[in-house]
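Enquirer: Quick one: the structure is below, questions incoming.
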Amino acid sequence: MEIAIIGLPQCGKTTIFNAATRGSAEVVAYANKPNIGVAKVPDKRLDVLEGMFNPRRTVHAEVMYVDIPAAPEGLGKTQGISGEYLNFLQRADALLIVARSFQDPSVPHVAESLDAFRDIDTMLYELTFADLEILERRLQRVADGFKGAGGAERDALTREQALLDRIKNALEGGTHLRDQSLTDDEKRLLSGFQFLTSKPLIVVVNAGEDQLDQIADMEARLTSDVEGTNIKAAALCGKLEMELAQMGQDEEEEADFRASMGVVGESGLNRMISMSYSALNLVSFLTVGEDEVRAWPITRDMHAQQAAGKIHTDLERGFIRGEVVTYDDLCKYGTLAEARKKGVLRQEGKTYPVQDGDIMNILFNV
Ligand SMILES: Nc1nc2c(ncn2[C@@H]2O[C@H](COP(=O)(O)OP(=O)(O)OP(=O)(O)O)[C@@H](O)[C@H]2O)c(=O)[nH]1
Ligand SMILES: [Mg+2]
């Protein structure tokens, strides 16, 4: 599962990529290879469990980001997304749009003026436009297919044409595919086309160091702009976050530093990563022990047996049952033994739908 970071040229994509992945990809204009890295998904529960079990190591869930090289010069001018760049975007499981709000006279902007909200609209429109092009091509192909087609084939083509026309109209009206209501069958039929507007989407405003006091307002405005859609929104200062990430301080020192810069509460970067995780429809079940405390990514309601396979294929193959306690119950009773005594440690079978925050021990036999 990977998230592609996209946006107009020089908006801070690589900077935000470095911040999220604690990497040090070179911040150069027009790089020609993608940067790939993983970010730790923030999870306060792991800190608490670490305190309880004192494990040798603690492992966070991760999300993978791909920083796509050189956004084409024409991006934002509705010349269409095509070629290799389109392939990169189609391959991703989710998209993350970065829009520039930081002022820096030495960094050229594709438009004459600075307006992150306009740039987000531009990017949203670019994605729509790319999908309309894909739709047009397919509709043409369907129209051609009618020639010489037999009865059953004609019916299938007629149905597809009706569906494509319907989503095209809605797209032209500004409704991305992810916000259109489609049946499972329709989704299946459309999945092969890799439409960009059907992918989960996060929009991020990249604020300047001198705009830290405006970040909360920017995020509020962004959130209200995307209300009623399945788009997620965050605002952060990419440069500050990248510098913090590269200083390699511990969390407490980072929090102090943020506070000294006037940033309070959870960092925008952490919000962005958490949103990315949930945009991919991922939640975590947890395992605990002296050896390791760990968060494992699964899709919500994944069956226990399949979830066990995330840890090791043997656990899936030889699955007997899971011992499950919720994180909240474990916190309430303090130890697994006490949770067992109180009857909140449950025995669950193969098809138990695992929930976010379930602490699970798997019994297996191979
Ligand atoms: N002042 C300031 N400068 C920033 C910020 N984010 C990025 N920059 C600068 O903007 C320039 C472009 O940043 P990049 O992260 O390379 O942007 P990009 O979107 O990856 O650029 P391309 O890949 O060339 O499209 C660099 O000089 C960065 O230092 C920020 O939050 N504040
Ligand atoms: Mg870059």
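By order in the structure tokens, chains are A, B, ...; within a chain, residues start at 1; ligands start at 1, following the order shown.
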Would you list the residues that come within 8 Å of ligand 1? Count only C-alpha atoms and all ligand atoms and give the answer as a PDB file with all heavy atoms, in the first residue's frame.
Expert:
```
ATOM      1  N   ILE A   6       1.789  14.308  -4.472  1.00  0.00           N
ATOM      2  CA  ILE A   6       1.728  15.047  -5.734  1.00  0.00           C
ATOM      3  C   ILE A   6       1.456  16.527  -5.470  1.00  0.00           C
ATOM      4  O   ILE A   6       1.094  16.924  -4.359  1.00  0.00           O
ATOM      5  CB  ILE A   6       0.642  14.482  -6.675  1.00  0.00           C
ATOM      6  CG1 ILE A   6      -0.749  14.585  -6.026  1.00  0.00           C
ATOM      7  CG2 ILE A   6       0.929  13.024  -7.021  1.00  0.00           C
ATOM      8  CD1 ILE A   6      -1.892  14.224  -6.970  1.00  0.00           C
ATOM      9  N   GLY A   7       1.615  17.329  -6.486  1.00  0.00           N
ATOM     10  CA  GLY A   7       1.349  18.756  -6.346  1.00  0.00           C
ATOM     11  C   GLY A   7       2.061  19.506  -7.447  1.00  0.00           C
ATOM     12  O   GLY A   7       2.820  18.920  -8.223  1.00  0.00           O
ATOM     13  N   LEU A   8       1.829  20.808  -7.486  1.00  0.00           N
ATOM     14  CA  LEU A   8       2.484  21.632  -8.490  1.00  0.00           C
ATOM     15  C   LEU A   8       3.998  21.617  -8.244  1.00  0.00           C
ATOM     16  O   LEU A   8       4.442  21.301  -7.144  1.00  0.00           O
ATOM     17  CB  LEU A   8       1.937  23.071  -8.411  1.00  0.00           C
ATOM     18  CG  LEU A   8       0.438  23.202  -8.689  1.00  0.00           C
ATOM     19  CD1 LEU A   8      -0.014  24.649  -8.531  1.00  0.00           C
ATOM     20  CD2 LEU A   8       0.113  22.698 -10.091  1.00  0.00           C
ATOM     21  N   PRO A   9       4.792  21.963  -9.256  1.00  0.00           N
ATOM     22  CA  PRO A   9       6.244  21.981  -9.057  1.00  0.00           C
ATOM     23  C   PRO A   9       6.631  22.879  -7.867  1.00  0.00           C
ATOM     24  O   PRO A   9       5.997  23.905  -7.628  1.00  0.00           O
ATOM     25  CB  PRO A   9       6.764  22.578 -10.374  1.00  0.00           C
ATOM     26  CG  PRO A   9       5.720  22.225 -11.389  1.00  0.00           C
ATOM     27  CD  PRO A   9       4.413  22.274 -10.648  1.00  0.00           C
ATOM     28  N   GLN A  10       7.611  22.447  -7.112  1.00  0.00           N
ATOM     29  CA  GLN A  10       8.225  23.252  -6.049  1.00  0.00           C
ATOM     30  C   GLN A  10       7.260  23.650  -4.917  1.00  0.00           C
ATOM     31  O   GLN A  10       7.385  24.716  -4.340  1.00  0.00           O
ATOM     32  CB  GLN A  10       8.845  24.536  -6.654  1.00  0.00           C
ATOM     33  CG  GLN A  10       9.958  24.262  -7.649  1.00  0.00           C
ATOM     34  CD  GLN A  10      11.267  23.946  -6.937  1.00  0.00           C
ATOM     35  OE1 GLN A  10      11.911  24.816  -6.370  1.00  0.00           O
ATOM     36  NE2 GLN A  10      11.640  22.671  -6.914  1.00  0.00           N
ATOM     37  N   CYS A  11       6.305  22.787  -4.617  1.00  0.00           N
ATOM     38  CA  CYS A  11       5.360  23.129  -3.558  1.00  0.00           C
ATOM     39  C   CYS A  11       5.801  22.562  -2.207  1.00  0.00           C
ATOM     40  O   CYS A  11       5.180  22.821  -1.183  1.00  0.00           O
ATOM     41  CB  CYS A  11       3.952  22.634  -3.913  1.00  0.00           C
ATOM     42  SG  CYS A  11       3.885  20.851  -4.072  1.00  0.00           S
ATOM     43  N   GLY A  12       6.860  21.736  -2.218  1.00  0.00           N
ATOM     44  CA  GLY A  12       7.363  21.187  -0.960  1.00  0.00           C
ATOM     45  C   GLY A  12       7.118  19.701  -0.794  1.00  0.00           C
ATOM     46  O   GLY A  12       7.142  19.185   0.325  1.00  0.00           O
ATOM     47  N   LYS A  13       6.902  18.996  -1.886  1.00  0.00           N
ATOM     48  CA  LYS A  13       6.618  17.554  -1.805  1.00  0.00           C
ATOM     49  C   LYS A  13       7.762  16.776  -1.160  1.00  0.00           C
ATOM     50  O   LYS A  13       7.552  15.984  -0.249  1.00  0.00           O
ATOM     51  CB  LYS A  13       6.358  16.982  -3.214  1.00  0.00           C
ATOM     52  CG  LYS A  13       5.152  17.596  -3.905  1.00  0.00           C
ATOM     53  CD  LYS A  13       4.943  17.006  -5.287  1.00  0.00           C
ATOM     54  CE  LYS A  13       6.012  17.404  -6.290  1.00  0.00           C
ATOM     55  NZ  LYS A  13       6.040  18.845  -6.609  1.00  0.00           N
ATOM     56  N   THR A  14       8.990  17.027  -1.672  1.00  0.00           N
ATOM     57  CA  THR A  14      10.135  16.272  -1.157  1.00  0.00           C
ATOM     58  C   THR A  14      10.415  16.652   0.304  1.00  0.00           C
ATOM     59  O   THR A  14      10.770  15.794   1.122  1.00  0.00           O
ATOM     60  CB  THR A  14      11.375  16.522  -2.038  1.00  0.00           C
ATOM     61  OG1 THR A  14      11.035  16.149  -3.385  1.00  0.00           O
ATOM     62  CG2 THR A  14      12.562  15.689  -1.594  1.00  0.00           C
ATOM     63  N   THR A  15      10.196  17.911   0.620  1.00  0.00           N
ATOM     64  CA  THR A  15      10.384  18.365   2.005  1.00  0.00           C
ATOM     65  C   THR A  15       9.437  17.610   2.943  1.00  0.00           C
ATOM     66  O   THR A  15       9.853  17.103   3.990  1.00  0.00           O
ATOM     67  CB  THR A  15      10.106  19.890   2.076  1.00  0.00           C
ATOM     68  OG1 THR A  15      10.979  20.546   1.155  1.00  0.00           O
ATOM     69  CG2 THR A  15      10.323  20.421   3.478  1.00  0.00           C
ATOM     70  N   ILE A  16       8.174  17.507   2.555  1.00  0.00           N
ATOM     71  CA  ILE A  16       7.183  16.817   3.392  1.00  0.00           C
ATOM     72  C   ILE A  16       7.450  15.310   3.409  1.00  0.00           C
ATOM     73  O   ILE A  16       7.310  14.654   4.445  1.00  0.00           O
ATOM     74  CB  ILE A  16       5.755  17.168   2.924  1.00  0.00           C
ATOM     75  CG1 ILE A  16       5.462  18.612   3.357  1.00  0.00           C
ATOM     76  CG2 ILE A  16       4.717  16.199   3.499  1.00  0.00           C
ATOM     77  CD1 ILE A  16       4.128  19.150   2.937  1.00  0.00           C
ATOM     78  N   PHE A  17       7.895  14.786   2.275  1.00  0.00           N
ATOM     79  CA  PHE A  17       8.285  13.369   2.229  1.00  0.00           C
ATOM     80  C   PHE A  17       9.400  13.105   3.249  1.00  0.00           C
ATOM     81  O   PHE A  17       9.350  12.153   4.023  1.00  0.00           O
ATOM     82  CB  PHE A  17       8.769  13.009   0.814  1.00  0.00           C
ATOM     83  CG  PHE A  17       9.440  11.663   0.731  1.00  0.00           C
ATOM     84  CD1 PHE A  17       8.690  10.509   0.562  1.00  0.00           C
ATOM     85  CD2 PHE A  17      10.824  11.548   0.840  1.00  0.00           C
ATOM     86  CE1 PHE A  17       9.313   9.255   0.510  1.00  0.00           C
ATOM     87  CE2 PHE A  17      11.451  10.310   0.785  1.00  0.00           C
ATOM     88  CZ  PHE A  17      10.690   9.158   0.627  1.00  0.00           C
ATOM     89  N   GLU A  26      17.327  14.358  -1.335  1.00  0.00           N
ATOM     90  CA  GLU A  26      17.813  15.678  -1.672  1.00  0.00           C
ATOM     91  C   GLU A  26      16.665  16.553  -2.144  1.00  0.00           C
ATOM     92  O   GLU A  26      15.848  16.135  -2.956  1.00  0.00           O
ATOM     93  CB  GLU A  26      18.836  15.537  -2.805  1.00  0.00           C
ATOM     94  CG  GLU A  26      20.028  16.440  -2.628  1.00  0.00           C
ATOM     95  CD  GLU A  26      20.990  16.269  -3.781  1.00  0.00           C
ATOM     96  OE1 GLU A  26      21.069  15.153  -4.334  1.00  0.00           O
ATOM     97  OE2 GLU A  26      21.641  17.251  -4.131  1.00  0.00           O
ATOM     98  N   VAL A  27      16.606  17.753  -1.584  1.00  0.00           N
ATOM     99  CA  VAL A  27      15.578  18.694  -2.011  1.00  0.00           C
ATOM    100  C   VAL A  27      16.125  19.450  -3.211  1.00  0.00           C
ATOM    101  O   VAL A  27      16.756  20.480  -3.088  1.00  0.00           O
ATOM    102  CB  VAL A  27      15.214  19.657  -0.851  1.00  0.00           C
ATOM    103  CG1 VAL A  27      14.193  20.677  -1.301  1.00  0.00           C
ATOM    104  CG2 VAL A  27      14.671  18.856   0.320  1.00  0.00           C
ATOM    105  N   VAL A  28      15.953  18.857  -4.373  1.00  0.00           N
ATOM    106  CA  VAL A  28      16.451  19.498  -5.589  1.00  0.00           C
ATOM    107  C   VAL A  28      15.309  19.633  -6.586  1.00  0.00           C
ATOM    108  O   VAL A  28      14.385  18.821  -6.595  1.00  0.00           O
ATOM    109  CB  VAL A  28      17.570  18.676  -6.277  1.00  0.00           C
ATOM    110  CG1 VAL A  28      18.821  18.686  -5.438  1.00  0.00           C
ATOM    111  CG2 VAL A  28      17.123  17.255  -6.543  1.00  0.00           C
ATOM    112  N   ALA A  29      15.395  20.653  -7.395  1.00  0.00           N
ATOM    113  CA  ALA A  29      14.366  20.833  -8.408  1.00  0.00           C
ATOM    114  C   ALA A  29      14.540  19.766  -9.490  1.00  0.00           C
ATOM    115  O   ALA A  29      15.667  19.429  -9.857  1.00  0.00           O
ATOM    116  CB  ALA A  29      14.475  22.222  -9.011  1.00  0.00           C
ATOM    117  N   TYR A  30      13.419  19.272  -9.949  1.00  0.00           N
ATOM    118  CA  TYR A  30      13.395  18.361 -11.086  1.00  0.00           C
ATOM    119  C   TYR A  30      14.245  17.112 -10.904  1.00  0.00           C
ATOM    120  O   TYR A  30      15.024  16.723 -11.773  1.00  0.00           O
ATOM    121  CB  TYR A  30      13.784  19.098 -12.378  1.00  0.00           C
ATOM    122  CG  TYR A  30      13.090  20.412 -12.471  1.00  0.00           C
ATOM    123  CD1 TYR A  30      13.786  21.609 -12.469  1.00  0.00           C
ATOM    124  CD2 TYR A  30      11.689  20.445 -12.475  1.00  0.00           C
ATOM    125  CE1 TYR A  30      13.119  22.816 -12.494  1.00  0.00           C
ATOM    126  CE2 TYR A  30      11.022  21.653 -12.494  1.00  0.00           C
ATOM    127  CZ  TYR A  30      11.739  22.840 -12.514  1.00  0.00           C
ATOM    128  OH  TYR A  30      11.085  24.020 -12.527  1.00  0.00           O
ATOM    129  N   ALA A  31      14.158  16.508  -9.741  1.00  0.00           N
ATOM    130  CA  ALA A  31      14.817  15.219  -9.524  1.00  0.00           C
ATOM    131  C   ALA A  31      14.179  14.244 -10.501  1.00  0.00           C
ATOM    132  O   ALA A  31      13.043  14.416 -10.912  1.00  0.00           O
ATOM    133  CB  ALA A  31      14.581  14.748  -8.096  1.00  0.00           C
ATOM    134  N   ASP A  67       7.465   9.827  -3.282  1.00  0.00           N
ATOM    135  CA  ASP A  67       7.605  11.220  -3.706  1.00  0.00           C
ATOM    136  C   ASP A  67       7.934  11.181  -5.189  1.00  0.00           C
ATOM    137  O   ASP A  67       9.023  10.783  -5.585  1.00  0.00           O
ATOM    138  CB  ASP A  67       8.726  11.875  -2.884  1.00  0.00           C
ATOM    139  CG  ASP A  67       9.104  13.248  -3.404  1.00  0.00           C
ATOM    140  OD1 ASP A  67       8.222  13.937  -3.955  1.00  0.00           O
ATOM    141  OD2 ASP A  67      10.283  13.623  -3.249  1.00  0.00           O
ATOM    142  N   ILE A  68       6.952  11.552  -5.971  1.00  0.00           N
ATOM    143  CA  ILE A  68       7.081  11.399  -7.414  1.00  0.00           C
ATOM    144  C   ILE A  68       7.977  12.489  -7.989  1.00  0.00           C
ATOM    145  O   ILE A  68       7.834  13.646  -7.629  1.00  0.00           O
ATOM    146  CB  ILE A  68       5.674  11.432  -8.044  1.00  0.00           C
ATOM    147  CG1 ILE A  68       4.884  10.330  -7.357  1.00  0.00           C
ATOM    148  CG2 ILE A  68       5.738  11.290  -9.543  1.00  0.00           C
ATOM    149  CD1 ILE A  68       3.754   9.810  -8.093  1.00  0.00           C
ATOM    150  N   PRO A  69       8.905  12.119  -8.842  1.00  0.00           N
ATOM    151  CA  PRO A  69       9.836  13.117  -9.353  1.00  0.00           C
ATOM    152  C   PRO A  69       9.156  14.106 -10.290  1.00  0.00           C
ATOM    153  O   PRO A  69       8.158  13.775 -10.924  1.00  0.00           O
ATOM    154  CB  PRO A  69      10.858  12.279 -10.120  1.00  0.00           C
ATOM    155  CG  PRO A  69      10.120  11.062 -10.526  1.00  0.00           C
ATOM    156  CD  PRO A  69       9.122  10.797  -9.436  1.00  0.00           C
ATOM    157  N   ALA A  70       9.740  15.270 -10.323  1.00  0.00           N
ATOM    158  CA  ALA A  70       9.410  16.302 -11.284  1.00  0.00           C
ATOM    159  C   ALA A  70       7.961  16.334 -11.754  1.00  0.00           C
ATOM    160  O   ALA A  70       7.621  15.778 -12.783  1.00  0.00           O
ATOM    161  CB  ALA A  70      10.339  16.165 -12.493  1.00  0.00           C
ATOM    162  N   ALA A  71       7.142  17.003 -10.983  1.00  0.00           N
ATOM    163  CA  ALA A  71       5.798  17.273 -11.460  1.00  0.00           C
ATOM    164  C   ALA A  71       5.934  17.980 -12.792  1.00  0.00           C
ATOM    165  O   ALA A  71       6.733  18.903 -12.931  1.00  0.00           O
ATOM    166  CB  ALA A  71       5.070  18.164 -10.465  1.00  0.00           C
ATOM    167  N   VAL A  98      -0.002  18.180  -2.066  1.00  0.00           N
ATOM    168  CA  VAL A  98       0.619  19.247  -1.282  1.00  0.00           C
ATOM    169  C   VAL A  98       0.369  20.565  -2.011  1.00  0.00           C
ATOM    170  O   VAL A  98       0.520  20.637  -3.232  1.00  0.00           O
ATOM    171  CB  VAL A  98       2.143  19.021  -1.144  1.00  0.00           C
ATOM    172  CG1 VAL A  98       2.804  20.207  -0.445  1.00  0.00           C
ATOM    173  CG2 VAL A  98       2.428  17.724  -0.389  1.00  0.00           C
ATOM    174  N   ARG A 100       1.274  24.772  -1.805  1.00  0.00           N
ATOM    175  CA  ARG A 100       2.231  25.686  -1.186  1.00  0.00           C
ATOM    176  C   ARG A 100       1.568  26.942  -0.643  1.00  0.00           C
ATOM    177  O   ARG A 100       0.839  27.626  -1.347  1.00  0.00           O
ATOM    178  CB  ARG A 100       3.268  26.080  -2.253  1.00  0.00           C
ATOM    179  CG  ARG A 100       4.150  27.230  -1.834  1.00  0.00           C
ATOM    180  CD  ARG A 100       5.177  27.510  -2.904  1.00  0.00           C
ATOM    181  NE  ARG A 100       5.873  28.759  -2.599  1.00  0.00           N
ATOM    182  CZ  ARG A 100       6.818  29.283  -3.355  1.00  0.00           C
ATOM    183  NH1 ARG A 100       7.176  28.655  -4.471  1.00  0.00           N
ATOM    184  NH2 ARG A 100       7.407  30.410  -3.026  1.00  0.00           N
ATOM    185  N   SER A 101       1.908  27.215   0.618  1.00  0.00           N
ATOM    186  CA  SER A 101       1.469  28.475   1.188  1.00  0.00           C
ATOM    187  C   SER A 101       2.676  29.282   1.667  1.00  0.00           C
ATOM    188  O   SER A 101       2.565  30.471   1.954  1.00  0.00           O
ATOM    189  CB  SER A 101       0.514  28.196   2.351  1.00  0.00           C
ATOM    190  OG  SER A 101       0.265  29.350   3.082  1.00  0.00           O
ATOM    191  N   PHE A 102       3.858  28.638   1.764  1.00  0.00           N
ATOM    192  CA  PHE A 102       5.041  29.360   2.256  1.00  0.00           C
ATOM    193  C   PHE A 102       5.518  30.377   1.228  1.00  0.00           C
ATOM    194  O   PHE A 102       5.444  30.151   0.022  1.00  0.00           O
ATOM    195  CB  PHE A 102       6.172  28.370   2.607  1.00  0.00           C
ATOM    196  CG  PHE A 102       6.782  27.671   1.419  1.00  0.00           C
ATOM    197  CD1 PHE A 102       7.836  28.247   0.700  1.00  0.00           C
ATOM    198  CD2 PHE A 102       6.306  26.432   1.008  1.00  0.00           C
ATOM    199  CE1 PHE A 102       8.396  27.592  -0.393  1.00  0.00           C
ATOM    200  CE2 PHE A 102       6.864  25.770  -0.081  1.00  0.00           C
ATOM    201  CZ  PHE A 102       7.908  26.358  -0.790  1.00  0.00           C
ATOM    202  N   GLN A 103       5.977  31.507   1.753  1.00  0.00           N
ATOM    203  CA  GLN A 103       6.511  32.562   0.891  1.00  0.00           C
ATOM    204  C   GLN A 103       8.008  32.374   0.812  1.00  0.00           C
ATOM    205  O   GLN A 103       8.659  32.202   1.830  1.00  0.00           O
ATOM    206  CB  GLN A 103       6.289  33.927   1.528  1.00  0.00           C
ATOM    207  CG  GLN A 103       4.923  34.112   2.135  1.00  0.00           C
ATOM    208  CD  GLN A 103       4.217  35.286   1.502  1.00  0.00           C
ATOM    209  OE1 GLN A 103       4.683  35.824   0.487  1.00  0.00           O
ATOM    210  NE2 GLN A 103       3.095  35.683   2.078  1.00  0.00           N
ATOM    211  N   ASP A 104       8.550  32.428  -0.372  1.00  0.00           N
ATOM    212  CA  ASP A 104      10.001  32.413  -0.509  1.00  0.00           C
ATOM    213  C   ASP A 104      10.316  32.913  -1.900  1.00  0.00           C
ATOM    214  O   ASP A 104      10.103  32.223  -2.890  1.00  0.00           O
ATOM    215  CB  ASP A 104      10.539  30.988  -0.303  1.00  0.00           C
ATOM    216  CG  ASP A 104      12.057  30.953  -0.283  1.00  0.00           C
ATOM    217  OD1 ASP A 104      12.686  31.902  -0.818  1.00  0.00           O
ATOM    218  OD2 ASP A 104      12.623  29.985   0.245  1.00  0.00           O
ATOM    219  N   SER A 106      12.883  33.162  -3.454  1.00  0.00           N
ATOM    220  CA  SER A 106      13.888  32.440  -4.237  1.00  0.00           C
ATOM    221  C   SER A 106      13.321  31.159  -4.848  1.00  0.00           C
ATOM    222  O   SER A 106      13.977  30.502  -5.642  1.00  0.00           O
ATOM    223  CB  SER A 106      15.106  32.122  -3.367  1.00  0.00           C
ATOM    224  OG  SER A 106      14.763  31.141  -2.416  1.00  0.00           O
ATOM    225  N   VAL A 107      12.109  30.780  -4.415  1.00  0.00           N
ATOM    226  CA  VAL A 107      11.482  29.579  -4.984  1.00  0.00           C
ATOM    227  C   VAL A 107      10.379  30.011  -5.937  1.00  0.00           C
ATOM    228  O   VAL A 107       9.384  30.587  -5.532  1.00  0.00           O
ATOM    229  CB  VAL A 107      10.889  28.676  -3.865  1.00  0.00           C
ATOM    230  CG1 VAL A 107      10.239  27.443  -4.475  1.00  0.00           C
ATOM    231  CG2 VAL A 107      11.963  28.277  -2.860  1.00  0.00           C
ATOM    232  N   ASN A 206       1.074  23.380   2.841  1.00  0.00           N
ATOM    233  CA  ASN A 206       2.436  23.516   3.341  1.00  0.00           C
ATOM    234  C   ASN A 206       2.687  24.981   3.693  1.00  0.00           C
ATOM    235  O   ASN A 206       2.907  25.816   2.821  1.00  0.00           O
ATOM    236  CB  ASN A 206       3.414  23.037   2.260  1.00  0.00           C
ATOM    237  CG  ASN A 206       4.859  23.083   2.727  1.00  0.00           C
ATOM    238  OD1 ASN A 206       5.127  23.197   3.925  1.00  0.00           O
ATOM    239  ND2 ASN A 206       5.779  22.986   1.783  1.00  0.00           N
ATOM    240  N   ALA A 207       2.629  25.253   4.990  1.00  0.00           N
ATOM    241  CA  ALA A 207       2.732  26.633   5.462  1.00  0.00           C
ATOM    242  C   ALA A 207       4.188  27.017   5.722  1.00  0.00           C
ATOM    243  O   ALA A 207       5.046  26.158   5.941  1.00  0.00           O
ATOM    244  CB  ALA A 207       1.930  26.794   6.749  1.00  0.00           C
ATOM    245  N   GLY A 208       4.450  28.305   5.706  1.00  0.00           N
ATOM    246  CA  GLY A 208       5.798  28.800   5.995  1.00  0.00           C
ATOM    247  C   GLY A 208       6.055  28.866   7.491  1.00  0.00           C
ATOM    248  O   GLY A 208       5.128  28.811   8.297  1.00  0.00           O
ATOM    249  N   GLU A 209       7.345  29.015   7.853  1.00  0.00           N
ATOM    250  CA  GLU A 209       7.721  29.100   9.270  1.00  0.00           C
ATOM    251  C   GLU A 209       7.106  30.342   9.901  1.00  0.00           C
ATOM    252  O   GLU A 209       6.887  30.400  11.102  1.00  0.00           O
ATOM    253  CB  GLU A 209       9.246  29.167   9.437  1.00  0.00           C
ATOM    254  CG  GLU A 209      10.019  28.074   8.741  1.00  0.00           C
ATOM    255  CD  GLU A 209      10.217  28.347   7.252  1.00  0.00           C
ATOM    256  OE1 GLU A 209       9.230  28.179   6.507  1.00  0.00           O
ATOM    257  OE2 GLU A 209      11.324  28.711   6.837  1.00  0.00           O
ATOM    258  N   LEU A 236       0.409  22.001   7.747  1.00  0.00           N
ATOM    259  CA  LEU A 236       1.637  21.860   8.526  1.00  0.00           C
ATOM    260  C   LEU A 236       2.734  22.702   7.890  1.00  0.00           C
ATOM    261  O   LEU A 236       2.594  23.176   6.765  1.00  0.00           O
ATOM    262  CB  LEU A 236       2.065  20.387   8.574  1.00  0.00           C
ATOM    263  CG  LEU A 236       2.235  19.655   7.238  1.00  0.00           C
ATOM    264  CD1 LEU A 236       3.627  19.840   6.665  1.00  0.00           C
ATOM    265  CD2 LEU A 236       1.984  18.170   7.434  1.00  0.00           C
ATOM    266  N   CYS A 237       3.822  22.866   8.614  1.00  0.00           N
ATOM    267  CA  CYS A 237       4.975  23.551   8.038  1.00  0.00           C
ATOM    268  C   CYS A 237       6.016  22.509   7.684  1.00  0.00           C
ATOM    269  O   CYS A 237       6.703  21.959   8.555  1.00  0.00           O
ATOM    270  CB  CYS A 237       5.545  24.575   9.006  1.00  0.00           C
ATOM    271  SG  CYS A 237       7.085  25.269   8.384  1.00  0.00           S
ATOM    272  N   GLY A 238       6.137  22.229   6.395  1.00  0.00           N
ATOM    273  CA  GLY A 238       7.010  21.161   5.921  1.00  0.00           C
ATOM    274  C   GLY A 238       8.464  21.349   6.319  1.00  0.00           C
ATOM    275  O   GLY A 238       9.116  20.422   6.771  1.00  0.00           O
ATOM    276  N   LYS A 239       8.947  22.569   6.169  1.00  0.00           N
ATOM    277  CA  LYS A 239      10.370  22.815   6.417  1.00  0.00           C
ATOM    278  C   LYS A 239      10.709  22.584   7.891  1.00  0.00           C
ATOM    279  O   LYS A 239      11.700  21.930   8.221  1.00  0.00           O
ATOM    280  CB  LYS A 239      10.729  24.232   5.995  1.00  0.00           C
ATOM    281  CG  LYS A 239      12.208  24.417   5.813  1.00  0.00           C
ATOM    282  CD  LYS A 239      12.498  25.675   5.029  1.00  0.00           C
ATOM    283  CE  LYS A 239      13.986  25.779   4.752  1.00  0.00           C
ATOM    284  NZ  LYS A 239      14.299  27.039   4.060  1.00  0.00           N
ATOM    285  N   LEU A 240       9.856  23.123   8.763  1.00  0.00           N
ATOM    286  CA  LEU A 240      10.075  22.943  10.202  1.00  0.00           C
ATOM    287  C   LEU A 240      10.011  21.456  10.564  1.00  0.00           C
ATOM    288  O   LEU A 240      10.865  20.942  11.299  1.00  0.00           O
ATOM    289  CB  LEU A 240       9.009  23.728  10.987  1.00  0.00           C
ATOM    290  CG  LEU A 240       8.957  23.468  12.492  1.00  0.00           C
ATOM    291  CD1 LEU A 240      10.180  24.067  13.171  1.00  0.00           C
ATOM    292  CD2 LEU A 240       7.686  24.062  13.096  1.00  0.00           C
TER     293      LEU A 240
END
```
Enquirer: For Ala255 in chain A, please output as a count of residues only all residues within 10 Å (counting only C-alpha atoms; exclusion window: fewer than 6 positions along the same chain).
Expert: 8
Enquirer: What are the closest atom pairs, with distances in Å to one decimal, for each residue of range 191-291 of chain A lying within 8 Å of range 109-129 of chain A, using only C-alpha atoms, rows by chain and rising residue number, as a Markdown table?
Expert:
```
| residue | atom | partner | partner_atom | distance |
| --- | --- | --- | --- | --- |
| A:Leu196 | CA | A:Leu127 | CA | 5.9 |
| A:Thr197 | CA | A:Leu127 | CA | 6.1 |
| A:Val203 | CA | A:Ile120 | CA | 7.5 |
| A:Val205 | CA | A:Ala116 | CA | 6.6 |
| A:Leu222 | CA | A:Phe117 | CA | 7.8 |
```
Enquirer: What gap, in Å, lies between CA of Pro108 in chain A and CA of Gly37 in chain A?
Expert: 26.7 Å
Enquirer: Mind checking which residues fall within 10 Å of Val63 in chain A, counting only C-alpha atoms, ignoring those fewer than 6 positions away in the same chain, and posting them as a PyMOL selection string?
Expert: chain A and resi 1-3+20-21+37-41+273-274+276-277+280+282+297
Enquirer: As JSON, numbers by chain, please: every residue in range 143-333 of chain A that DSSP puts in helix (DSSP H, G or I).
Expert: {"A": [143, 144, 145, 151, 152, 153, 154, 155, 156, 157, 158, 159, 160, 161, 162, 163, 164, 165, 166, 167, 168, 169, 170, 171, 172, 177, 178, 179, 184, 185, 186, 187, 188, 189, 190, 191, 196, 197, 198, 209, 210, 211, 212, 213, 214, 215, 216, 217, 218, 219, 220, 221, 222, 223, 224, 225, 238, 239, 240, 241, 242, 243, 244, 245, 246, 247, 251, 252, 253, 254, 255, 256, 257, 258, 259, 260, 268, 269, 270, 271, 272, 273, 274, 275, 276, 277, 278, 279, 304, 305, 306, 307, 308, 309, 310, 311, 313, 314, 315, 316, 317, 327, 328, 329, 330, 331, 332, 333]}
Enquirer: Calculated over only C-alpha atoms and all ligand atoms, which of the candidates A:Lys342, A:Arg221, A:His176, A:Lys33 has the smallest distance to ligand 2?
Expert: A:Lys33
Enquirer: Which of these, A:Ala130, A:Val344, A:Leu189, A:Ala337, has the shortest distance to Gly83 in chain A once you count only C-alpha atoms?
Expert: A:Ala130
Enquirer: Leaving out Ser284 in chain A and any residue of its chain fewer than 4 positions from it, which residues lie within 7 Å of it when counting only C-alpha atoms, given as an MDAnalysis selection string?
Expert: chainID A and resid 295:298 356:357
Enquirer: When DSSP works through the backbone of this structure, what residues of range 133-345 of chain A end up as strand (DSSP E or B), shown as a PyMOL selection string?
Expert: chain A and resi 201-206+231-236+282-287+292-299+303+319-326
